[in-house]
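File shown: structure_28.txt. Contents: compact mmCIF, C-alpha atoms and all ligand atoms.
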# COMPACT_ATOMS: atom_id res chain seq x y z
CA MET Q 1 102.91 175.08 47.82
CA VAL Q 2 106.11 173.74 49.32
CA ALA Q 3 104.17 171.40 51.55
CA GLN Q 4 102.28 170.11 48.56
CA LEU Q 5 105.48 169.54 46.62
CA THR Q 6 106.94 167.67 49.55
CA ARG Q 7 104.00 165.35 49.85
CA GLN Q 8 104.05 164.58 46.15
CA ARG Q 9 107.75 163.86 46.03
CA LEU Q 10 108.04 161.88 49.23
CA LEU Q 11 104.95 159.79 48.98
CA ALA Q 12 107.04 156.62 48.90
CA SER Q 13 108.96 157.55 52.03
CA PRO Q 14 107.60 156.82 55.50
CA CYS Q 15 108.70 160.16 56.91
CA GLU Q 16 106.82 162.52 59.14
CA PHE Q 17 105.35 165.06 56.73
CA SER Q 18 104.62 167.55 59.47
CA GLU Q 19 108.26 167.55 60.55
CA VAL Q 20 109.48 168.02 56.98
CA ASP Q 21 106.99 170.85 56.48
CA ALA Q 22 108.25 172.51 59.66
CA VAL Q 23 111.84 172.44 58.34
CA LEU Q 24 110.78 173.87 54.98
CA ALA Q 25 108.94 176.69 56.73
CA GLN Q 26 111.76 177.39 59.18
CA TYR Q 27 114.30 177.87 56.38
CA SER Q 28 111.91 179.75 54.04
CA VAL Q 29 112.67 177.20 51.39
CA THR Q 30 112.05 178.21 47.78
CA PRO Q 31 110.43 175.50 45.64
CA LEU Q 32 112.16 174.84 42.31
CA PRO Q 33 110.89 172.83 39.34
CA GLY Q 34 114.06 170.68 39.30
CA PRO Q 35 117.72 170.62 40.34
CA ALA Q 36 118.76 172.31 37.08
CA ALA Q 37 116.87 175.43 38.18
CA VAL Q 38 119.44 176.13 40.92
CA ALA Q 39 121.55 178.27 38.53
CA ASP Q 40 118.61 180.49 37.57
CA PHE Q 41 117.58 180.77 41.21
CA ALA Q 42 121.12 181.80 42.19
CA LEU Q 43 121.37 184.34 39.38
CA ALA Q 44 118.05 185.90 40.34
CA ARG Q 45 119.13 186.21 43.99
CA ILE Q 46 122.52 187.69 43.05
CA ARG Q 47 120.78 190.40 41.02
CA GLU Q 48 117.99 191.01 43.49
CA LEU Q 49 120.29 191.27 46.54
CA ALA Q 50 123.28 192.77 44.63
CA LEU Q 51 125.45 190.00 46.09
CA GLU Q 52 129.25 190.16 45.88
CA GLU Q 53 130.21 187.31 48.18
CA THR Q 54 130.41 183.52 48.28
CA PHE Q 55 127.19 181.69 49.09
CA PHE Q 56 125.76 178.17 49.01
CA VAL Q 57 122.45 176.96 47.63
CA VAL Q 58 121.29 173.93 49.63
CA ASP Q 59 118.68 171.80 47.85
CA LEU Q 60 116.62 170.07 50.54
CA GLY Q 61 114.53 168.35 47.86
CA MET Q 62 117.71 166.68 46.63
CA ALA Q 63 118.47 165.64 50.21
CA ALA Q 64 114.99 164.09 50.47
CA ARG Q 65 115.41 162.21 47.18
CA LEU Q 66 118.84 160.96 48.28
CA HIS Q 67 117.33 159.75 51.53
CA ALA Q 68 114.50 157.98 49.71
CA CYS Q 69 117.07 156.41 47.35
CA PHE Q 70 119.21 155.18 50.26
CA VAL Q 71 116.42 153.60 52.28
CA GLY Q 72 114.80 152.19 49.12
CA ALA Q 73 118.00 150.54 47.87
CA LEU Q 74 119.11 149.34 51.33
CA PRO Q 75 115.86 148.53 53.12
CA ARG Q 76 117.58 146.94 56.12
CA VAL Q 77 120.01 149.81 56.70
CA THR Q 78 119.22 152.96 58.71
CA PRO Q 79 121.42 155.89 57.62
CA PHE Q 80 123.16 157.86 60.39
CA TYR Q 81 124.36 160.97 58.54
CA ALA Q 82 128.07 161.74 59.12
CA VAL Q 83 127.82 165.31 60.39
CA LYS Q 84 131.45 166.19 59.62
CA CYS Q 85 130.77 166.11 55.89
CA MET Q 86 128.49 169.17 55.84
CA PRO Q 87 127.20 170.32 59.23
CA GLU Q 88 124.81 172.89 57.73
CA PRO Q 89 121.81 173.24 60.07
CA GLY Q 90 119.13 173.13 57.34
CA LEU Q 91 120.47 169.88 55.94
CA LEU Q 92 120.81 168.39 59.43
CA ARG Q 93 117.24 169.32 60.29
CA MET Q 94 115.91 167.96 57.02
CA LEU Q 95 117.64 164.62 57.54
CA ALA Q 96 116.40 164.52 61.14
CA ALA Q 97 112.84 165.12 59.91
CA LEU Q 98 113.22 162.32 57.37
CA GLY Q 99 114.12 159.93 60.18
CA ALA Q 100 117.89 159.63 59.75
CA GLY Q 101 120.21 159.16 62.70
CA PHE Q 102 123.54 160.96 63.08
CA ASP Q 103 127.22 160.04 63.27
CA CYS Q 104 128.96 162.64 65.44
CA ALA Q 105 132.71 162.61 66.02
CA SER Q 106 133.15 165.36 68.60
CA ALA Q 107 131.40 167.12 71.46
CA ALA Q 108 130.64 170.06 69.16
CA GLU Q 109 128.90 167.82 66.63
CA LEU Q 110 127.01 166.06 69.43
CA THR Q 111 125.92 169.44 70.80
CA ALA Q 112 124.64 170.54 67.39
CA VAL Q 113 122.58 167.40 66.85
CA LEU Q 114 121.26 167.08 70.43
CA GLY Q 115 120.39 170.79 70.26
CA MET Q 116 118.03 170.05 67.35
CA GLY Q 117 116.07 167.73 69.62
CA VAL Q 118 117.41 164.49 68.15
CA PRO Q 119 117.30 161.85 70.92
CA PRO Q 120 120.62 160.22 71.92
CA SER Q 121 119.20 156.88 70.73
CA ARG Q 122 119.54 158.19 67.15
CA ILE Q 123 123.20 159.20 67.59
CA ILE Q 124 126.45 157.26 67.38
CA TYR Q 125 129.59 158.89 68.74
CA ALA Q 126 131.60 157.31 65.94
CA HIS Q 127 135.18 158.28 66.67
CA PRO Q 128 137.48 155.41 67.65
CA VAL Q 129 139.91 157.66 69.58
CA LYS Q 130 138.23 160.36 71.65
CA PRO Q 131 139.59 163.01 74.01
CA PRO Q 132 138.83 161.93 77.61
CA ALA Q 133 136.96 165.16 78.37
CA GLN Q 134 134.61 164.53 75.45
CA VAL Q 135 134.00 160.95 76.60
CA ARG Q 136 132.94 162.33 80.00
CA TRP Q 137 130.71 164.84 78.24
CA ALA Q 138 129.06 162.11 76.14
CA ALA Q 139 128.42 160.11 79.31
CA GLU Q 140 126.72 163.12 80.94
CA SER Q 141 124.67 163.74 77.78
CA GLY Q 142 123.38 160.19 77.60
CA VAL Q 143 125.07 159.31 74.30
CA ASP Q 144 125.54 155.61 74.92
CA LEU Q 145 126.91 154.23 71.64
CA THR Q 146 130.47 154.66 70.45
CA THR Q 147 133.30 152.92 68.61
CA ALA Q 148 136.82 151.78 69.55
CA ASP Q 149 139.72 149.91 67.99
CA THR Q 150 142.50 150.04 70.59
CA VAL Q 151 142.95 148.68 74.11
CA GLY Q 152 143.74 152.22 75.28
CA GLU Q 153 140.35 153.45 74.10
CA LEU Q 154 138.56 150.53 75.76
CA GLU Q 155 140.31 151.43 79.03
CA LYS Q 156 139.30 155.07 78.60
CA LEU Q 157 135.67 154.07 78.05
CA ALA Q 158 135.69 151.69 81.02
CA ARG Q 159 136.94 154.53 83.21
CA TRP Q 160 134.79 157.43 81.99
CA HIS Q 161 131.73 155.91 80.33
CA PRO Q 162 131.42 152.31 81.52
CA ARG Q 163 127.78 151.87 80.48
CA THR Q 164 128.31 152.83 76.82
CA ALA Q 165 127.71 150.25 74.13
CA VAL Q 166 130.79 149.85 71.92
CA LEU Q 167 131.23 148.84 68.30
CA LEU Q 168 134.60 147.35 67.48
CA ARG Q 169 135.96 149.09 64.39
CA ILE Q 170 137.72 146.73 62.04
CA ARG Q 171 139.89 147.64 59.08
CA ALA Q 172 138.20 147.06 55.71
CA ASP Q 173 139.81 149.29 53.08
CA ASP Q 174 138.61 149.67 49.53
CA PRO Q 175 141.84 150.29 47.59
CA SER Q 176 139.79 152.31 45.05
CA ALA Q 177 138.50 154.81 47.64
CA SER Q 178 139.55 158.40 47.05
CA CYS Q 179 140.34 158.96 50.74
CA CYS Q 180 141.77 156.04 52.71
CA LEU Q 181 141.04 155.81 56.45
CA GLY Q 182 142.57 152.43 57.27
CA ASN Q 183 146.01 153.94 57.87
CA LYS Q 184 144.64 155.45 61.10
CA TYR Q 185 141.59 153.44 62.12
CA GLY Q 186 140.30 149.90 62.23
CA ALA Q 187 141.70 146.90 64.07
CA GLU Q 188 143.43 144.28 61.93
CA PRO Q 189 141.56 140.94 61.94
CA ILE Q 190 144.38 139.34 63.92
CA ASP Q 191 143.91 141.89 66.75
CA ALA Q 192 140.13 141.65 67.03
CA PHE Q 193 140.09 138.72 69.44
CA GLY Q 194 142.54 140.38 71.84
CA LEU Q 195 140.42 143.53 71.87
CA LEU Q 196 137.28 141.53 72.65
CA VAL Q 197 139.04 139.75 75.50
CA ALA Q 198 140.28 143.09 76.86
CA ALA Q 199 136.75 144.55 76.62
CA ARG Q 200 135.36 141.58 78.50
CA SER Q 201 137.83 141.91 81.33
CA LEU Q 202 137.01 145.62 81.53
CA GLY Q 203 133.30 144.78 81.82
CA LEU Q 204 132.37 146.71 78.66
CA ASP Q 205 129.34 146.03 76.46
CA ILE Q 206 130.57 145.19 72.95
CA ALA Q 207 127.41 145.52 70.86
CA GLY Q 208 128.79 144.81 67.41
CA VAL Q 209 131.17 145.85 64.67
CA CYS Q 210 131.74 148.88 62.47
CA PHE Q 211 134.05 149.67 59.59
CA HIS Q 212 134.63 152.32 56.94
CA VAL Q 213 135.77 151.19 53.50
CA GLY Q 214 137.16 154.68 52.75
CA SER Q 215 135.55 157.84 51.48
CA GLY Q 216 134.54 157.95 47.83
CA ALA Q 217 134.58 154.16 47.55
CA THR Q 218 133.54 152.65 44.25
CA ASN Q 219 134.18 148.93 44.64
CA PRO Q 220 131.09 147.03 45.87
CA GLN Q 221 133.30 144.06 46.75
CA ALA Q 222 134.88 146.10 49.54
CA PHE Q 223 131.52 145.99 51.36
CA THR Q 224 131.15 142.25 50.63
CA ALA Q 225 134.55 141.53 52.19
CA ALA Q 226 133.96 143.88 55.13
CA ILE Q 227 130.59 142.31 56.00
CA ALA Q 228 132.17 138.83 55.88
CA SER Q 229 134.96 140.01 58.23
CA ALA Q 230 132.37 141.56 60.53
CA ARG Q 231 130.60 138.19 60.72
CA LYS Q 232 133.79 136.56 61.98
CA VAL Q 233 134.14 139.17 64.72
CA PHE Q 234 130.45 138.77 65.62
CA ASN Q 235 131.07 135.04 66.09
CA MET Q 236 134.13 135.69 68.27
CA GLY Q 237 132.18 138.21 70.34
CA ALA Q 238 129.20 135.91 70.78
CA GLY Q 239 131.61 133.13 71.81
CA LEU Q 240 132.95 135.40 74.55
CA GLY Q 241 129.44 136.11 75.81
CA PHE Q 242 128.78 139.53 74.25
CA ARG Q 243 125.28 140.37 72.99
CA MET Q 244 126.31 141.17 69.39
CA ARG Q 245 123.37 143.11 67.95
CA LEU Q 246 124.51 146.07 65.82
CA LEU Q 247 126.40 146.18 62.51
CA ASP Q 248 127.54 149.58 61.22
CA LEU Q 249 128.57 149.74 57.55
CA GLY Q 250 130.23 153.17 57.92
CA GLY Q 251 130.38 155.65 55.04
CA GLY Q 252 131.94 155.70 51.61
CA PHE Q 253 128.69 155.77 49.59
CA VAL Q 254 128.73 157.80 46.39
CA ASN Q 255 125.80 159.17 44.42
CA ARG Q 256 126.13 158.28 40.76
CA PRO Q 257 123.09 159.97 39.23
CA GLY Q 258 121.69 158.33 36.12
CA PRO Q 259 120.76 160.13 32.88
CA ASP Q 260 117.41 161.04 34.50
CA GLY Q 261 119.34 162.90 37.23
CA LEU Q 262 117.83 160.70 39.93
CA PRO Q 263 120.12 159.55 42.75
CA CYS Q 264 121.71 156.12 42.38
CA LEU Q 265 124.11 154.08 44.52
CA GLY Q 266 125.54 152.01 41.67
CA GLY Q 267 126.34 148.35 42.38
CA VAL Q 268 126.90 148.86 46.10
CA PRO Q 269 123.37 148.06 47.39
CA ALA Q 270 123.21 144.72 45.53
CA ALA Q 271 126.55 143.71 47.08
CA ILE Q 272 125.52 144.83 50.57
CA ASN Q 273 122.07 143.25 50.47
CA ALA Q 274 123.51 139.93 49.28
CA ALA Q 275 126.24 139.97 51.94
CA LEU Q 276 123.72 140.84 54.66
CA ASP Q 277 121.45 137.99 53.54
CA ALA Q 278 124.41 135.59 53.61
CA HIS Q 279 125.99 136.64 56.91
CA PHE Q 280 123.32 138.56 58.85
CA PRO Q 281 119.99 137.14 57.69
CA ASP Q 282 116.89 139.16 58.45
CA GLY Q 283 115.27 138.12 61.71
CA ALA Q 284 118.55 137.09 63.36
CA GLY Q 285 118.38 140.04 65.73
CA VAL Q 286 121.07 142.26 64.23
CA ARG Q 287 120.24 145.87 63.48
CA VAL Q 288 122.16 147.43 60.56
CA ILE Q 289 123.09 151.09 60.29
CA ALA Q 290 125.48 153.05 58.04
CA GLU Q 291 127.16 156.45 58.25
CA PRO Q 292 126.86 158.07 54.81
CA GLY Q 293 128.25 161.59 54.60
CA ARG Q 294 129.25 162.42 51.03
CA PHE Q 295 126.22 160.61 49.60
CA PHE Q 296 123.77 163.04 51.24
CA ALA Q 297 125.83 166.22 51.03
CA GLU Q 298 127.66 166.28 47.70
CA HIS Q 299 124.83 166.96 45.27
CA THR Q 300 122.75 168.85 47.84
CA GLY Q 301 125.15 171.82 47.91
CA THR Q 302 126.05 174.24 45.12
CA LEU Q 303 128.78 176.83 45.71
CA LEU Q 304 128.58 180.30 44.17
CA CYS Q 305 131.70 182.47 44.04
CA ALA Q 306 131.90 186.09 42.93
CA VAL Q 307 134.51 187.26 40.42
CA HIS Q 308 136.38 190.11 42.07
CA GLY Q 309 139.45 190.56 39.90
CA LYS Q 310 140.63 190.01 36.35
CA ARG Q 311 143.81 190.16 34.27
CA GLU Q 312 144.51 189.40 30.64
CA ARG Q 313 147.77 188.08 29.36
CA ALA Q 314 149.20 186.35 26.33
CA ALA Q 315 148.98 182.58 26.50
CA PRO Q 316 152.16 180.57 25.77
CA ASN Q 317 150.66 179.53 22.42
CA GLY Q 318 150.18 183.17 21.45
CA GLY Q 319 146.45 183.19 22.20
CA ARG Q 320 144.70 185.08 24.93
CA HIS Q 321 144.49 183.93 28.55
CA VAL Q 322 142.33 185.47 31.26
CA ASP Q 323 143.03 185.14 35.00
CA TYR Q 324 140.09 185.65 37.36
CA TRP Q 325 140.24 186.10 41.13
CA ILE Q 326 137.16 184.72 42.87
CA SER Q 327 135.75 185.04 46.38
CA ASP Q 328 136.69 181.54 47.56
CA GLY Q 329 139.61 179.19 47.19
CA ILE Q 330 141.62 176.30 48.59
CA TYR Q 331 141.72 177.70 52.14
CA GLY Q 332 137.95 178.23 52.10
CA ASN Q 333 135.06 176.28 50.67
CA LEU Q 334 137.18 174.81 47.87
CA ASN Q 335 139.61 173.13 50.29
CA GLY Q 336 138.53 169.78 48.81
CA ILE Q 337 140.98 170.50 45.98
CA TYR Q 338 143.66 170.00 48.59
CA TYR Q 339 142.08 167.46 50.96
CA ASP Q 340 139.46 165.58 48.96
CA HIS Q 341 140.75 165.14 45.38
CA LEU Q 342 138.11 167.62 44.26
CA GLN Q 343 138.16 168.55 40.58
CA PRO Q 344 135.74 171.45 40.46
CA VAL Q 345 133.68 172.24 37.39
CA ALA Q 346 133.06 175.98 36.96
CA VAL Q 347 129.81 177.16 35.39
CA PRO Q 348 129.85 180.87 34.45
CA LEU Q 349 126.97 183.11 35.59
CA ARG Q 350 126.98 186.44 33.75
CA VAL Q 351 125.23 188.68 36.20
CA HIS Q 352 125.50 191.87 34.19
CA GLU Q 353 124.29 190.59 30.84
CA PRO Q 354 120.70 189.59 31.32
CA ASN Q 355 120.20 188.97 27.62
CA ALA Q 356 123.43 187.11 26.96
CA SER Q 357 122.98 184.18 24.64
CA PRO Q 358 123.45 180.78 26.27
CA GLU Q 359 126.30 180.03 23.83
CA PRO Q 360 128.71 182.91 24.36
CA THR Q 361 130.74 183.79 21.30
CA THR Q 362 134.07 184.54 22.99
CA ALA Q 363 135.39 181.74 25.15
CA SER Q 364 138.96 182.03 26.37
CA SER Q 365 141.50 179.92 28.08
CA SER Q 366 141.17 181.03 31.72
CA SER Q 367 142.39 180.46 35.27
CA LEU Q 368 140.46 180.83 38.51
CA PHE Q 369 142.48 182.00 41.50
CA GLY Q 370 141.37 181.95 45.12
CA PRO Q 371 141.29 185.22 47.09
CA THR Q 372 144.27 184.74 49.43
CA CYS Q 373 147.80 185.98 48.76
CA ASP Q 374 149.19 182.45 48.54
CA GLY Q 375 150.37 181.49 45.05
CA ALA Q 376 149.16 177.96 45.73
CA ASP Q 377 145.57 179.21 46.11
CA VAL Q 378 144.53 178.19 42.59
CA VAL Q 379 141.05 176.76 41.96
CA LEU Q 380 141.44 175.91 38.27
CA SER Q 381 144.74 176.58 36.49
CA SER Q 382 143.25 176.00 33.06
CA CYS Q 383 139.66 176.05 31.95
CA VAL Q 384 137.64 177.60 29.14
CA LEU Q 385 135.21 180.32 30.14
CA PRO Q 386 133.26 183.01 28.34
CA GLU Q 387 134.33 186.58 29.04
CA LEU Q 388 133.42 187.41 32.64
CA ALA Q 389 133.50 190.77 34.39
CA VAL Q 390 134.09 191.74 38.00
CA GLY Q 391 130.72 191.18 39.65
CA ASP Q 392 129.86 188.08 37.64
CA TYR Q 393 129.79 184.69 39.37
CA VAL Q 394 131.01 181.14 38.88
CA LEU Q 395 128.85 178.26 40.06
CA PHE Q 396 130.35 174.98 41.28
CA PRO Q 397 127.81 172.12 41.30
CA GLY Q 398 128.13 169.15 43.66
CA LEU Q 399 130.10 171.10 46.27
CA GLY Q 400 128.16 170.15 49.42
CA ALA Q 401 130.56 167.50 50.74
CA TYR Q 402 133.81 168.33 52.56
CA SER Q 403 133.67 171.97 51.52
CA TRP Q 404 132.25 174.35 54.14
CA ALA Q 405 133.01 171.61 56.68
CA GLY Q 406 136.74 172.28 56.37
CA ALA Q 407 136.82 175.94 55.34
CA ALA Q 408 139.12 178.36 57.15
CA ASP Q 409 139.28 182.15 57.18
CA PHE Q 410 142.97 182.35 56.22
CA ASN Q 411 144.21 185.82 55.31
CA GLY Q 412 141.01 187.40 56.60
CA PHE Q 413 138.78 186.05 53.85
CA THR Q 414 135.77 184.93 55.83
CA CYS Q 415 134.84 181.79 53.96
CA ARG Q 416 133.21 180.14 56.99
CA ASP Q 417 130.73 182.91 57.52
CA VAL Q 418 128.84 182.29 54.28
CA ARG Q 419 125.17 182.63 53.49
CA PHE Q 420 123.10 179.49 52.87
CA MET Q 421 119.99 179.72 50.69
CA HIS Q 422 117.62 176.80 50.86
CA VAL Q 423 115.61 175.50 47.91
CA TYR Q 424 113.49 172.41 47.33
CA SER Q 425 113.72 170.90 43.87
C1 LIG Q 501 134.05 160.55 57.48
C2 LIG Q 501 133.34 159.41 58.08
C3 LIG Q 501 132.10 159.00 57.56
C4 LIG Q 501 131.50 159.59 56.30
O1 LIG Q 501 132.20 159.14 55.18
P1 LIG Q 501 131.66 159.44 53.70
O2 LIG Q 501 132.72 158.87 52.84
O3 LIG Q 501 131.50 160.90 53.57
O4 LIG Q 501 130.38 158.71 53.55
C5 LIG Q 501 131.44 157.99 58.20
N1 LIG Q 501 131.95 157.40 59.31
C6 LIG Q 501 133.13 157.76 59.85
C7 LIG Q 501 133.63 157.09 61.06
C8 LIG Q 501 133.87 158.77 59.23
O5 LIG Q 501 135.07 159.10 59.73
Could you render the structure as structure tokens?
Amino acid sequence: MVAQLTRQRLLASPCEFSEVDAVLAQYSVTPLPGPAAVADFALARIRELALEETFFVVDLGMAARLHACFVGALPRVTPFYAVKCMPEPGLLRMLAALGAGFDCASAAELTAVLGMGVPPSRIIYAHPVKPPAQVRWAAESGVDLTTADTVGELEKLARWHPRTAVLLRIRADDPSASCCLGNKYGAEPIDAFGLLVAARSLGLDIAGVCFHVGSGATNPQAFTAAIASARKVFNMGAGLGFRMRLLDLGGGFVNRPGPDGLPCLGGVPAAINAALDAHFPDGAGVRVIAEPGRFFAEHTGTLLCAVHGKRERAAPNGGRHVDYWISDGIYGNLNGIYYDHLQPVAVPLRVHEPNASPEPTTASSSSLFGPTCDGADVVLSSCVLPELAVGDYVLFPGLGAYSWAGAADFNGFTCRDVRFMHVYS
């Protein structure tokens, strides 16, 4: 049944059906009629397994639709999924089966992806400043594509991995991005020529240019400007004798689903496709890749947290306020509140009232606290929730990106060691 669903939904995508089927079988994926069925699925599993802990539902059907959306909207761009965003093995395997490449930033991420059988040719070691030991490790593992934006890094590569192809990372910030990266990475345009000259004297192979407009970018013009800057650096590189052949658009893509719930990249693809046509016309021998992380992970993951404590108190306005303690918080899978501007939306799941009406009669002003002893561990200081009991759950949709990836086990609450349940909507 799952295999049949897959074939129907992915008919437009040139993926290997047998590989996708193998992933669905390996993770005993449950087929769902649509993404909205995740809540009912979660509730059924909580009751059936008497769950009391945090878990994730990972929707591999959503991942497949996001992949089809990306390659459909950007036909010249091969996505290399940024592993750091959500390194969950089921998602990685699904994207590998769909034909994506991978952006790895550390030896551990490289090990995970190589261990799945992904060939090094589908991997970019996309960290501009790498520990020397990890550069040596990449060289031994045959990972021969990386990035750099300083003379020091070029010298490191020349010493420890002289045959690697290198993309020069240039700075191309979108001021509207929710997480800026240009403060740390990306050569200023004025420094690009000096870096190319240094690379040439070191005998390195500069293969092209990469950039990252910032995570959670919304301004299509940031890509237009970045691709134009990349063209200038391509021309400089070609003038110095480099075989400039690879353009990497980095990450920053955001899924903005339409009213039909289908994935959508907003105005970004039109801007990218036009800029590619203008500066890197098809047939000119330049391959284009990108490193989307958030785009693939965000709406693929749903976080479920158990309510494990409750207190009532008088609200300042005289009404009633309920505080709930839940199984995860800002040190765990909700660390995006702190690091990623996350504004979580809590959906109540009343585990112990199977016949509860969908419109609960008593909704109260509420807070959701994380499990640790830190007073700062607050998930939502003010929200409106129906009456919940210890043992009920709250569901957080769109929590796949930069959540588990950065979770810690502070205070002994083991937020990293969570269960993943795989579905296919
Ligand atoms: C984090 C990162 C990405 C992924 O960014 P998203 O905004 O999640 O798409 C891609 N490339 C590099 C180099 C990164 O550091």
Exercise. Expressed in Å to a single decimal, how great is the separation between CA of Phe193 in chain Q and CA of Asn235 in chain Q?
Worked result: 10.3 Å
For this session: Could you report the residues within 6 Å of ligand LIG 501 (chain Q), using only C-alpha atoms and all ligand atoms, as a VMD selection string?
Result: chain Q and resid 82 85 126 to 127 215 to 216 250 to 253 291 to 294
Problem set entry | Selection near Pro257 in chain Q, 12 Å with all atoms listed in the file, sequence-local residues under 6 positions removed, as a ChimeraX atom specification | /Q:35,62,65-66,69,263-266,295,298-299,398
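Atom to atom, CA of Ala187 in chain Q and CA of Pro119 in chain Q stand 29.4 Å apart.
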For range 96-99 of chain Q, what centre and edge lengths in Å (one decimal) does the axis-aligned box get once 6 Å is added on each side of all its listed atoms, as JSON?
{"center_x": 114.6, "center_y": 162.5, "center_z": 59.3, "size_x": 15.6, "size_y": 17.2, "size_z": 15.8}
For this session: May I have the residues within 10 Å of Pro132 in chain Q as a PyMOL selection string, using all atoms listed in the file and disregarding those fewer than 6 positions away in the same chain?
Result: chain Q and resi 138+153+156-157+159-161
Pull C-alpha atoms from the residues just selected and write them as a PDB file, in the coordinates of the input.
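Written file, again-v7.pdb:
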ATOM      1  CA  ALA Q 138     129.060 162.110  76.140  1.00  0.00           C
ATOM      2  CA  GLU Q 153     140.350 153.450  74.100  1.00  0.00           C
ATOM      3  CA  LYS Q 156     139.300 155.070  78.600  1.00  0.00           C
ATOM      4  CA  LEU Q 157     135.670 154.070  78.050  1.00  0.00           C
ATOM      5  CA  ARG Q 159     136.940 154.530  83.210  1.00  0.00           C
ATOM      6  CA  TRP Q 160     134.790 157.430  81.990  1.00  0.00           C
ATOM      7  CA  HIS Q 161     131.730 155.910  80.330  1.00  0.00           C
TER       8      HIS Q 161
END
Exercise. So which residues fall inside 9 Å of (127.3, 176.8, 50.1) if we count all atoms listed in the file? Mind giving them as a PyMOL selection string?
Worked result: chain Q and resi 54-58+88+301-304+333+399-400+403-404+418-421
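In this structure, CA of Gln26 in chain Q sits 12.6 Å away from CA of Met116 in chain Q.
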